[in-house]
>>> print(open('upload-v2.cif').read())   # mmCIF, N, CA, C and O atoms
data_structure
#
loop_
_atom_site.label_atom_id
_atom_site.label_comp_id
_atom_site.auth_asym_id
_atom_site.auth_seq_id
_atom_site.Cartn_x
_atom_site.Cartn_y
_atom_site.Cartn_z
N MET Y 3 -25.18 43.33 -9.88
CA MET Y 3 -24.81 42.04 -9.33
C MET Y 3 -25.14 42.03 -7.83
O MET Y 3 -25.07 43.04 -7.16
N SER Y 4 -25.44 40.88 -7.33
CA SER Y 4 -25.82 40.76 -5.93
C SER Y 4 -24.62 40.59 -5.01
O SER Y 4 -24.76 40.62 -3.80
N GLY Y 5 -23.46 40.39 -5.56
CA GLY Y 5 -22.28 40.19 -4.73
C GLY Y 5 -22.07 38.75 -4.32
O GLY Y 5 -21.12 38.43 -3.62
N ARG Y 6 -22.94 37.87 -4.74
CA ARG Y 6 -22.80 36.46 -4.40
C ARG Y 6 -21.82 35.78 -5.34
O ARG Y 6 -21.74 36.12 -6.51
N THR Y 7 -21.11 34.84 -4.82
CA THR Y 7 -20.20 34.07 -5.67
C THR Y 7 -20.99 32.99 -6.39
O THR Y 7 -22.05 32.55 -5.95
N HIS Y 8 -20.48 32.55 -7.48
CA HIS Y 8 -21.14 31.53 -8.28
C HIS Y 8 -20.50 30.16 -8.09
O HIS Y 8 -20.65 29.28 -8.93
N ALA Y 9 -19.76 30.00 -7.01
CA ALA Y 9 -19.14 28.70 -6.72
C ALA Y 9 -20.22 27.72 -6.27
O ALA Y 9 -21.12 28.07 -5.52
N ARG Y 10 -20.12 26.50 -6.74
CA ARG Y 10 -21.10 25.49 -6.37
C ARG Y 10 -20.81 24.95 -4.98
O ARG Y 10 -19.66 24.81 -4.58
N ALA Y 11 -21.86 24.65 -4.28
CA ALA Y 11 -21.71 24.07 -2.95
C ALA Y 11 -21.29 22.61 -3.09
O ALA Y 11 -21.78 21.89 -3.95
N CYS Y 12 -20.38 22.21 -2.25
CA CYS Y 12 -19.90 20.83 -2.25
C CYS Y 12 -20.69 20.05 -1.20
O CYS Y 12 -20.74 20.45 -0.04
N PRO Y 13 -21.34 18.95 -1.60
CA PRO Y 13 -22.10 18.19 -0.61
C PRO Y 13 -21.20 17.64 0.49
O PRO Y 13 -20.09 17.17 0.20
N GLU Y 14 -21.67 17.68 1.70
CA GLU Y 14 -20.92 17.16 2.84
C GLU Y 14 -21.66 16.01 3.47
O GLU Y 14 -22.89 15.96 3.45
N ARG Y 15 -20.92 15.08 4.02
CA ARG Y 15 -21.47 13.95 4.75
C ARG Y 15 -20.68 13.79 6.04
O ARG Y 15 -19.58 14.31 6.17
N THR Y 16 -21.23 13.03 6.99
CA THR Y 16 -20.56 12.79 8.26
C THR Y 16 -20.03 11.37 8.29
O THR Y 16 -20.75 10.42 7.99
N CYS Y 17 -18.78 11.22 8.67
CA CYS Y 17 -18.15 9.91 8.82
C CYS Y 17 -18.76 9.24 10.06
O CYS Y 17 -18.78 9.84 11.13
N VAL Y 18 -19.25 8.01 9.90
CA VAL Y 18 -19.85 7.32 11.05
C VAL Y 18 -18.80 6.82 12.03
O VAL Y 18 -19.13 6.42 13.13
N GLY Y 19 -17.54 6.87 11.66
CA GLY Y 19 -16.47 6.45 12.55
C GLY Y 19 -16.02 7.57 13.47
O GLY Y 19 -16.20 7.52 14.68
N CYS Y 20 -15.46 8.62 12.89
CA CYS Y 20 -14.91 9.72 13.69
C CYS Y 20 -15.91 10.85 13.91
O CYS Y 20 -15.62 11.78 14.66
N ARG Y 21 -17.06 10.82 13.23
CA ARG Y 21 -18.13 11.80 13.34
C ARG Y 21 -17.72 13.19 12.84
O ARG Y 21 -18.33 14.19 13.21
N GLU Y 22 -16.73 13.27 11.97
CA GLU Y 22 -16.34 14.55 11.38
C GLU Y 22 -17.02 14.72 10.04
O GLU Y 22 -17.22 13.76 9.31
N ARG Y 23 -17.37 15.96 9.73
CA ARG Y 23 -17.97 16.25 8.43
C ARG Y 23 -16.87 16.44 7.41
O ARG Y 23 -15.84 17.04 7.71
N ALA Y 24 -17.10 15.93 6.21
CA ALA Y 24 -16.12 16.04 5.13
C ALA Y 24 -16.86 16.08 3.81
O ALA Y 24 -18.06 15.77 3.73
N ALA Y 25 -16.15 16.46 2.77
CA ALA Y 25 -16.74 16.47 1.44
C ALA Y 25 -17.14 15.04 1.05
O ALA Y 25 -16.46 14.08 1.40
N LYS Y 26 -18.25 14.92 0.36
CA LYS Y 26 -18.77 13.61 -0.02
C LYS Y 26 -17.74 12.81 -0.81
O LYS Y 26 -17.63 11.60 -0.65
N GLY Y 27 -16.95 13.48 -1.63
CA GLY Y 27 -15.94 12.81 -2.44
C GLY Y 27 -14.77 12.25 -1.63
O GLY Y 27 -14.05 11.37 -2.10
N ASP Y 28 -14.56 12.75 -0.43
CA ASP Y 28 -13.47 12.29 0.42
C ASP Y 28 -13.85 11.07 1.25
O ASP Y 28 -12.99 10.48 1.90
N LEU Y 29 -15.12 10.73 1.26
CA LEU Y 29 -15.61 9.62 2.08
C LEU Y 29 -15.99 8.44 1.20
O LEU Y 29 -16.29 8.59 0.02
N LEU Y 30 -16.00 7.26 1.80
CA LEU Y 30 -16.39 6.03 1.11
C LEU Y 30 -17.83 5.71 1.51
O LEU Y 30 -18.15 5.64 2.70
N ARG Y 31 -18.69 5.51 0.51
CA ARG Y 31 -20.08 5.14 0.79
C ARG Y 31 -20.15 3.64 1.02
O ARG Y 31 -19.50 2.85 0.32
N ILE Y 32 -20.95 3.25 2.00
CA ILE Y 32 -21.11 1.84 2.35
C ILE Y 32 -22.60 1.53 2.35
O ILE Y 32 -23.40 2.33 2.84
N VAL Y 33 -22.96 0.38 1.80
CA VAL Y 33 -24.35 -0.06 1.81
C VAL Y 33 -24.42 -1.44 2.44
O VAL Y 33 -23.44 -2.19 2.44
N ALA Y 34 -25.59 -1.77 2.97
CA ALA Y 34 -25.81 -3.08 3.57
C ALA Y 34 -26.46 -3.99 2.53
O ALA Y 34 -27.51 -3.66 1.98
N ILE Y 35 -25.79 -5.12 2.26
CA ILE Y 35 -26.33 -6.11 1.33
C ILE Y 35 -26.34 -7.45 2.04
O ILE Y 35 -25.29 -8.03 2.32
N GLU Y 36 -27.54 -7.91 2.38
CA GLU Y 36 -27.74 -9.21 3.03
C GLU Y 36 -26.87 -9.40 4.26
O GLU Y 36 -26.14 -10.37 4.39
N GLY Y 37 -26.90 -8.44 5.17
CA GLY Y 37 -26.17 -8.54 6.43
C GLY Y 37 -24.68 -8.30 6.33
O GLY Y 37 -23.93 -8.61 7.25
N GLU Y 38 -24.24 -7.73 5.22
CA GLU Y 38 -22.82 -7.47 5.02
C GLU Y 38 -22.64 -6.02 4.58
O GLU Y 38 -23.43 -5.50 3.79
N CYS Y 39 -21.61 -5.37 5.08
CA CYS Y 39 -21.28 -4.01 4.66
C CYS Y 39 -20.46 -4.09 3.38
O CYS Y 39 -19.38 -4.67 3.36
N ALA Y 40 -20.99 -3.52 2.32
CA ALA Y 40 -20.31 -3.56 1.02
C ALA Y 40 -19.85 -2.15 0.65
O ALA Y 40 -20.61 -1.19 0.76
N PRO Y 41 -18.60 -2.02 0.19
CA PRO Y 41 -18.12 -0.70 -0.24
C PRO Y 41 -18.80 -0.30 -1.54
O PRO Y 41 -19.06 -1.14 -2.40
N ASP Y 42 -19.10 0.97 -1.67
CA ASP Y 42 -19.73 1.51 -2.87
C ASP Y 42 -18.96 2.75 -3.31
O ASP Y 42 -19.42 3.87 -3.12
N PRO Y 43 -17.77 2.57 -3.89
CA PRO Y 43 -16.94 3.73 -4.22
C PRO Y 43 -17.55 4.65 -5.26
O PRO Y 43 -17.30 5.85 -5.25
N ARG Y 44 -18.40 4.13 -6.16
CA ARG Y 44 -19.02 4.97 -7.18
C ARG Y 44 -20.31 5.61 -6.69
O ARG Y 44 -20.83 6.52 -7.31
N GLY Y 45 -20.85 5.10 -5.58
CA GLY Y 45 -22.06 5.67 -5.02
C GLY Y 45 -23.32 5.36 -5.81
O GLY Y 45 -24.25 6.15 -5.82
N THR Y 46 -23.37 4.21 -6.46
CA THR Y 46 -24.50 3.89 -7.32
C THR Y 46 -25.34 2.71 -6.84
O THR Y 46 -26.39 2.44 -7.43
N LEU Y 47 -24.90 2.00 -5.83
CA LEU Y 47 -25.66 0.85 -5.35
C LEU Y 47 -26.95 1.33 -4.67
O LEU Y 47 -26.96 2.37 -4.02
N PRO Y 48 -28.02 0.56 -4.82
CA PRO Y 48 -29.28 0.98 -4.20
C PRO Y 48 -29.26 0.76 -2.70
O PRO Y 48 -28.53 -0.07 -2.18
N GLY Y 49 -30.10 1.50 -2.03
CA GLY Y 49 -30.25 1.32 -0.59
C GLY Y 49 -29.69 2.47 0.20
O GLY Y 49 -29.07 3.40 -0.32
N ARG Y 50 -29.92 2.39 1.50
CA ARG Y 50 -29.46 3.40 2.43
C ARG Y 50 -27.95 3.31 2.56
O ARG Y 50 -27.39 2.24 2.69
N GLY Y 51 -27.28 4.44 2.54
CA GLY Y 51 -25.83 4.45 2.62
C GLY Y 51 -25.32 5.10 3.89
O GLY Y 51 -25.98 5.93 4.49
N ALA Y 52 -24.13 4.68 4.28
CA ALA Y 52 -23.40 5.30 5.38
C ALA Y 52 -22.04 5.69 4.82
O ALA Y 52 -21.55 5.09 3.87
N TYR Y 53 -21.44 6.69 5.39
CA TYR Y 53 -20.16 7.19 4.89
C TYR Y 53 -19.09 7.07 5.96
O TYR Y 53 -19.35 7.29 7.14
N VAL Y 54 -17.89 6.72 5.51
CA VAL Y 54 -16.76 6.59 6.42
C VAL Y 54 -15.49 7.00 5.66
O VAL Y 54 -15.42 6.84 4.44
N HIS Y 55 -14.54 7.59 6.39
CA HIS Y 55 -13.24 7.87 5.76
C HIS Y 55 -12.61 6.54 5.36
O HIS Y 55 -12.70 5.58 6.13
N PRO Y 56 -11.99 6.44 4.21
CA PRO Y 56 -11.40 5.17 3.79
C PRO Y 56 -10.07 4.87 4.50
O PRO Y 56 -9.04 4.66 3.87
N THR Y 57 -10.11 4.89 5.83
CA THR Y 57 -8.93 4.57 6.64
C THR Y 57 -9.29 3.50 7.65
O THR Y 57 -10.45 3.35 8.03
N ARG Y 58 -8.28 2.75 8.08
CA ARG Y 58 -8.50 1.70 9.07
C ARG Y 58 -8.99 2.27 10.40
O ARG Y 58 -9.81 1.67 11.08
N VAL Y 59 -8.48 3.44 10.76
CA VAL Y 59 -8.83 4.06 12.04
C VAL Y 59 -10.33 4.35 12.10
O VAL Y 59 -11.00 3.97 13.07
N CYS Y 60 -10.86 4.99 11.09
CA CYS Y 60 -12.29 5.33 11.09
C CYS Y 60 -13.15 4.08 10.98
O CYS Y 60 -14.21 4.00 11.60
N LEU Y 61 -12.71 3.10 10.22
CA LEU Y 61 -13.47 1.86 10.11
C LEU Y 61 -13.52 1.14 11.45
O LEU Y 61 -14.57 0.69 11.89
N ASP Y 62 -12.38 1.08 12.15
CA ASP Y 62 -12.35 0.45 13.46
C ASP Y 62 -13.22 1.20 14.47
O ASP Y 62 -13.91 0.58 15.29
N LEU Y 63 -13.21 2.52 14.39
CA LEU Y 63 -14.07 3.32 15.29
C LEU Y 63 -15.55 3.04 15.02
O LEU Y 63 -16.34 2.90 15.96
N ALA Y 64 -15.92 2.94 13.76
CA ALA Y 64 -17.31 2.68 13.41
C ALA Y 64 -17.75 1.31 13.91
O ALA Y 64 -18.86 1.15 14.42
N VAL Y 65 -16.88 0.32 13.78
CA VAL Y 65 -17.22 -1.03 14.25
C VAL Y 65 -17.33 -1.04 15.77
O VAL Y 65 -18.27 -1.59 16.34
N ARG Y 66 -16.38 -0.40 16.45
CA ARG Y 66 -16.37 -0.37 17.91
C ARG Y 66 -17.59 0.37 18.46
O ARG Y 66 -18.16 -0.03 19.47
N ARG Y 67 -18.01 1.43 17.78
CA ARG Y 67 -19.16 2.22 18.22
C ARG Y 67 -20.49 1.61 17.78
O ARG Y 67 -21.54 2.17 18.08
N ARG Y 68 -20.46 0.53 17.04
CA ARG Y 68 -21.66 -0.12 16.49
C ARG Y 68 -22.47 0.88 15.67
O ARG Y 68 -23.70 0.99 15.79
N ALA Y 69 -21.77 1.60 14.82
CA ALA Y 69 -22.41 2.66 14.03
C ALA Y 69 -23.17 2.13 12.83
O ALA Y 69 -24.14 2.76 12.39
N PHE Y 70 -22.77 1.00 12.27
CA PHE Y 70 -23.43 0.51 11.06
C PHE Y 70 -24.88 0.08 11.29
O PHE Y 70 -25.74 0.44 10.48
N PRO Y 71 -25.22 -0.66 12.33
CA PRO Y 71 -26.64 -0.97 12.54
C PRO Y 71 -27.51 0.27 12.72
O PRO Y 71 -28.64 0.33 12.23
N ARG Y 72 -26.98 1.30 13.38
CA ARG Y 72 -27.73 2.55 13.53
C ARG Y 72 -27.88 3.28 12.20
O ARG Y 72 -28.94 3.79 11.86
N ALA Y 73 -26.79 3.33 11.44
CA ALA Y 73 -26.82 4.05 10.17
C ALA Y 73 -27.74 3.38 9.15
O ALA Y 73 -28.44 4.06 8.40
N PHE Y 74 -27.76 2.06 9.14
CA PHE Y 74 -28.60 1.33 8.18
C PHE Y 74 -30.00 1.08 8.72
O PHE Y 74 -30.84 0.54 8.02
N ARG Y 75 -30.22 1.43 9.98
CA ARG Y 75 -31.52 1.23 10.63
C ARG Y 75 -31.97 -0.22 10.51
O ARG Y 75 -33.12 -0.51 10.17
N GLY Y 76 -31.04 -1.12 10.78
CA GLY Y 76 -31.36 -2.53 10.70
C GLY Y 76 -30.73 -3.28 11.85
O GLY Y 76 -29.87 -2.75 12.57
N PRO Y 77 -31.13 -4.52 12.01
CA PRO Y 77 -30.53 -5.32 13.07
C PRO Y 77 -29.08 -5.66 12.73
O PRO Y 77 -28.75 -5.93 11.59
N GLY Y 78 -28.24 -5.60 13.68
CA GLY Y 78 -26.83 -5.91 13.46
C GLY Y 78 -26.50 -7.22 14.10
O GLY Y 78 -27.40 -7.93 14.56
N PRO Y 79 -25.30 -7.60 14.14
CA PRO Y 79 -24.14 -6.91 13.58
C PRO Y 79 -23.99 -7.20 12.09
O PRO Y 79 -24.49 -8.20 11.59
N PHE Y 80 -23.30 -6.31 11.41
CA PHE Y 80 -23.03 -6.47 9.99
C PHE Y 80 -21.60 -6.98 9.81
O PHE Y 80 -20.69 -6.56 10.53
N ASP Y 81 -21.41 -7.84 8.82
CA ASP Y 81 -20.08 -8.37 8.52
C ASP Y 81 -19.29 -7.29 7.77
O ASP Y 81 -19.76 -6.76 6.76
N VAL Y 82 -18.09 -6.96 8.25
CA VAL Y 82 -17.28 -5.91 7.63
C VAL Y 82 -16.02 -6.46 6.98
O VAL Y 82 -15.11 -5.69 6.68
N THR Y 83 -15.97 -7.76 6.72
CA THR Y 83 -14.76 -8.37 6.15
C THR Y 83 -14.43 -7.79 4.78
O THR Y 83 -13.29 -7.40 4.53
N ALA Y 84 -15.41 -7.73 3.89
CA ALA Y 84 -15.16 -7.21 2.54
C ALA Y 84 -14.79 -5.73 2.59
O ALA Y 84 -13.91 -5.27 1.85
N LEU Y 85 -15.43 -5.01 3.47
CA LEU Y 85 -15.13 -3.59 3.62
C LEU Y 85 -13.71 -3.38 4.13
O LEU Y 85 -12.98 -2.53 3.64
N ARG Y 86 -13.30 -4.19 5.10
CA ARG Y 86 -11.95 -4.09 5.65
C ARG Y 86 -10.90 -4.39 4.56
O ARG Y 86 -9.90 -3.70 4.44
N ARG Y 87 -11.17 -5.43 3.74
CA ARG Y 87 -10.25 -5.76 2.64
C ARG Y 87 -10.16 -4.61 1.64
O ARG Y 87 -9.08 -4.30 1.14
N PHE Y 88 -11.30 -3.98 1.35
CA PHE Y 88 -11.31 -2.86 0.40
C PHE Y 88 -10.48 -1.70 0.93
O PHE Y 88 -9.69 -1.10 0.20
N VAL Y 89 -10.67 -1.35 2.20
CA VAL Y 89 -9.93 -0.23 2.80
C VAL Y 89 -8.44 -0.52 2.86
O VAL Y 89 -7.62 0.33 2.55
N GLU Y 90 -8.08 -1.74 3.24
CA GLU Y 90 -6.66 -2.09 3.30
C GLU Y 90 -6.05 -2.12 1.91
O GLU Y 90 -4.90 -1.73 1.72
N GLY Y 91 -6.81 -2.54 0.91
CA GLY Y 91 -6.33 -2.52 -0.47
C GLY Y 91 -6.14 -1.11 -0.98
O GLY Y 91 -5.22 -0.83 -1.74
N ALA Y 92 -6.99 -0.19 -0.55
CA ALA Y 92 -6.85 1.21 -0.96
C ALA Y 92 -5.58 1.81 -0.38
O ALA Y 92 -4.92 2.61 -1.02
N HIS Y 93 -5.22 1.40 0.85
CA HIS Y 93 -3.99 1.91 1.45
C HIS Y 93 -2.77 1.38 0.72
O HIS Y 93 -1.79 2.09 0.57
N VAL Y 94 -2.80 0.15 0.26
CA VAL Y 94 -1.67 -0.41 -0.49
C VAL Y 94 -1.50 0.35 -1.79
O VAL Y 94 -0.40 0.70 -2.18
N ASP Y 95 -2.61 0.65 -2.48
CA ASP Y 95 -2.54 1.39 -3.74
C ASP Y 95 -2.01 2.79 -3.53
O ASP Y 95 -1.24 3.29 -4.33
N GLN Y 96 -2.40 3.46 -2.44
CA GLN Y 96 -1.97 4.81 -2.19
C GLN Y 96 -0.52 4.86 -1.72
O GLN Y 96 0.16 5.84 -1.93
N ALA Y 97 -0.02 3.78 -1.12
CA ALA Y 97 1.34 3.78 -0.59
C ALA Y 97 2.38 3.58 -1.69
O ALA Y 97 3.54 3.90 -1.52
N THR Y 98 1.98 3.04 -2.83
CA THR Y 98 2.92 2.79 -3.92
C THR Y 98 3.13 4.06 -4.71
O THR Y 98 2.18 4.60 -5.29
N PRO Y 99 4.38 4.56 -4.78
CA PRO Y 99 4.63 5.75 -5.58
C PRO Y 99 4.38 5.46 -7.07
O PRO Y 99 4.59 4.36 -7.55
N VAL Y 100 3.96 6.47 -7.78
CA VAL Y 100 3.60 6.30 -9.20
C VAL Y 100 4.83 5.94 -10.02
O VAL Y 100 4.77 5.10 -10.91
N ASP Y 101 5.98 6.57 -9.75
CA ASP Y 101 7.16 6.30 -10.56
C ASP Y 101 7.75 4.91 -10.32
O ASP Y 101 8.50 4.43 -11.15
N GLN Y 102 7.40 4.24 -9.23
CA GLN Y 102 7.91 2.91 -8.95
C GLN Y 102 6.90 1.81 -9.27
O GLN Y 102 7.19 0.64 -9.10
N ALA Y 103 5.72 2.19 -9.70
CA ALA Y 103 4.69 1.18 -10.01
C ALA Y 103 5.10 0.41 -11.25
O ALA Y 103 5.65 0.96 -12.21
N THR Y 104 4.79 -0.88 -11.23
CA THR Y 104 5.12 -1.71 -12.38
C THR Y 104 4.00 -1.64 -13.40
O THR Y 104 2.83 -1.60 -13.03
N PRO Y 105 4.31 -1.61 -14.69
CA PRO Y 105 3.28 -1.51 -15.72
C PRO Y 105 2.50 -2.78 -15.87
O PRO Y 105 2.79 -3.82 -15.55
#
>>> encode(input="upload-v2.cif", output="structure tokens")
Amino acid sequence: MSGRTHARACPERTCVGCRERAAKGDLLRIVAIEGECAPDPRGTLPGRGAYVHPTRVCLDLAVRRRAFPRAFRGPGPFDVTALRRFVEGAHVDQATPVDQATP
């Protein structure tokens, strides 16, 4: 044996908001569709993608830093309304405890 482990490498991406590297599964992929930033949680939409932590803080940092036009290599600004609603909706879902959720 060569002494190497057989663990698979986990792909990493950089958050365009806070600029920290994280596992691809921990970040939300975003694509540009007709001048709008659209969330792509499954990672299947066509086009160039940018990654951001699914938190309001990182989203606000990305908008403030004008990171989306650079990441998509296109003219900005991009509309982030749908993306903001998606991130805020994800926080509502995560804040609800499982035992108190209504069926």
>>> resolve_selection(input="upload-v2.cif", expression="the PyMOL selection byres (((chain Y and resi 84-89 and name CA) around 9) and name CA)", output="MDAnalysis selection string")
chainID Y and resid 32 38:41 56:58 61 81:83 90:94
>>> resolve_selection(input="upload-v2.cif", expression="the PyMOL selection byres (((chain Y and resi 48 and name CA) around 12) and name CA)", output="ChimeraX atom specification")
/Y:31-35,40-42,44-47,49-51
>>> atom_distance(input="upload-v2.cif", atom1="atom O of His55 in chain Y", atom2="atom N of Arg21 in chain Y")
9.8 Å
>>> closest_residue(input="upload-v2.cif", among="Y:Gly37, Y:Gly78, Y:Val54, Y:Gly19", to="Arg66 in chain Y", atoms="only N, CA, C and O atoms")
Y:Gly19
>>> select_by_dssp(input="upload-v2.cif", residues="chain Y", states="strand (DSSP E)", output="PyMOL selection string")
chain Y and resi 14-16+23-25+30-35+38-42+51-54
>>> select_by_dssp(input="upload-v2.cif", residues="chain Y", states="helix (DSSP H, G or I)", output="ChimeraX atom specification")
/Y:26-28,58-66,69-74,83-97,100-102
>>> axis_aligned_box(input="upload-v2.cif", around="range 46-53 of chain Y", padding_each_side="6 Å", output="JSON")
{"center_x": -24.7, "center_y": 3.6, "center_z": -0.1, "size_x": 23.2, "size_y": 19.4, "size_z": 26.6}
>>> residues_around(input="upload-v2.cif", residues="range 12-16 of chain Y", least_positions_apart="5", cutoff="12 Å", atoms="only C-alpha atoms", output="number ranges by chain")
Y: 21-31, 51-55, 60, 64, 69, 73
>>> atom_distance(input="upload-v2.cif", atom1="atom O of Phe74 in chain Y", atom2="atom O of Asp62 in chain Y")
18.4 Å
>>> atom_distance(input="upload-v2.cif", atom1="atom N of Pro43 in chain Y", atom2="atom C of Ala9 in chain Y")
25.4 Å
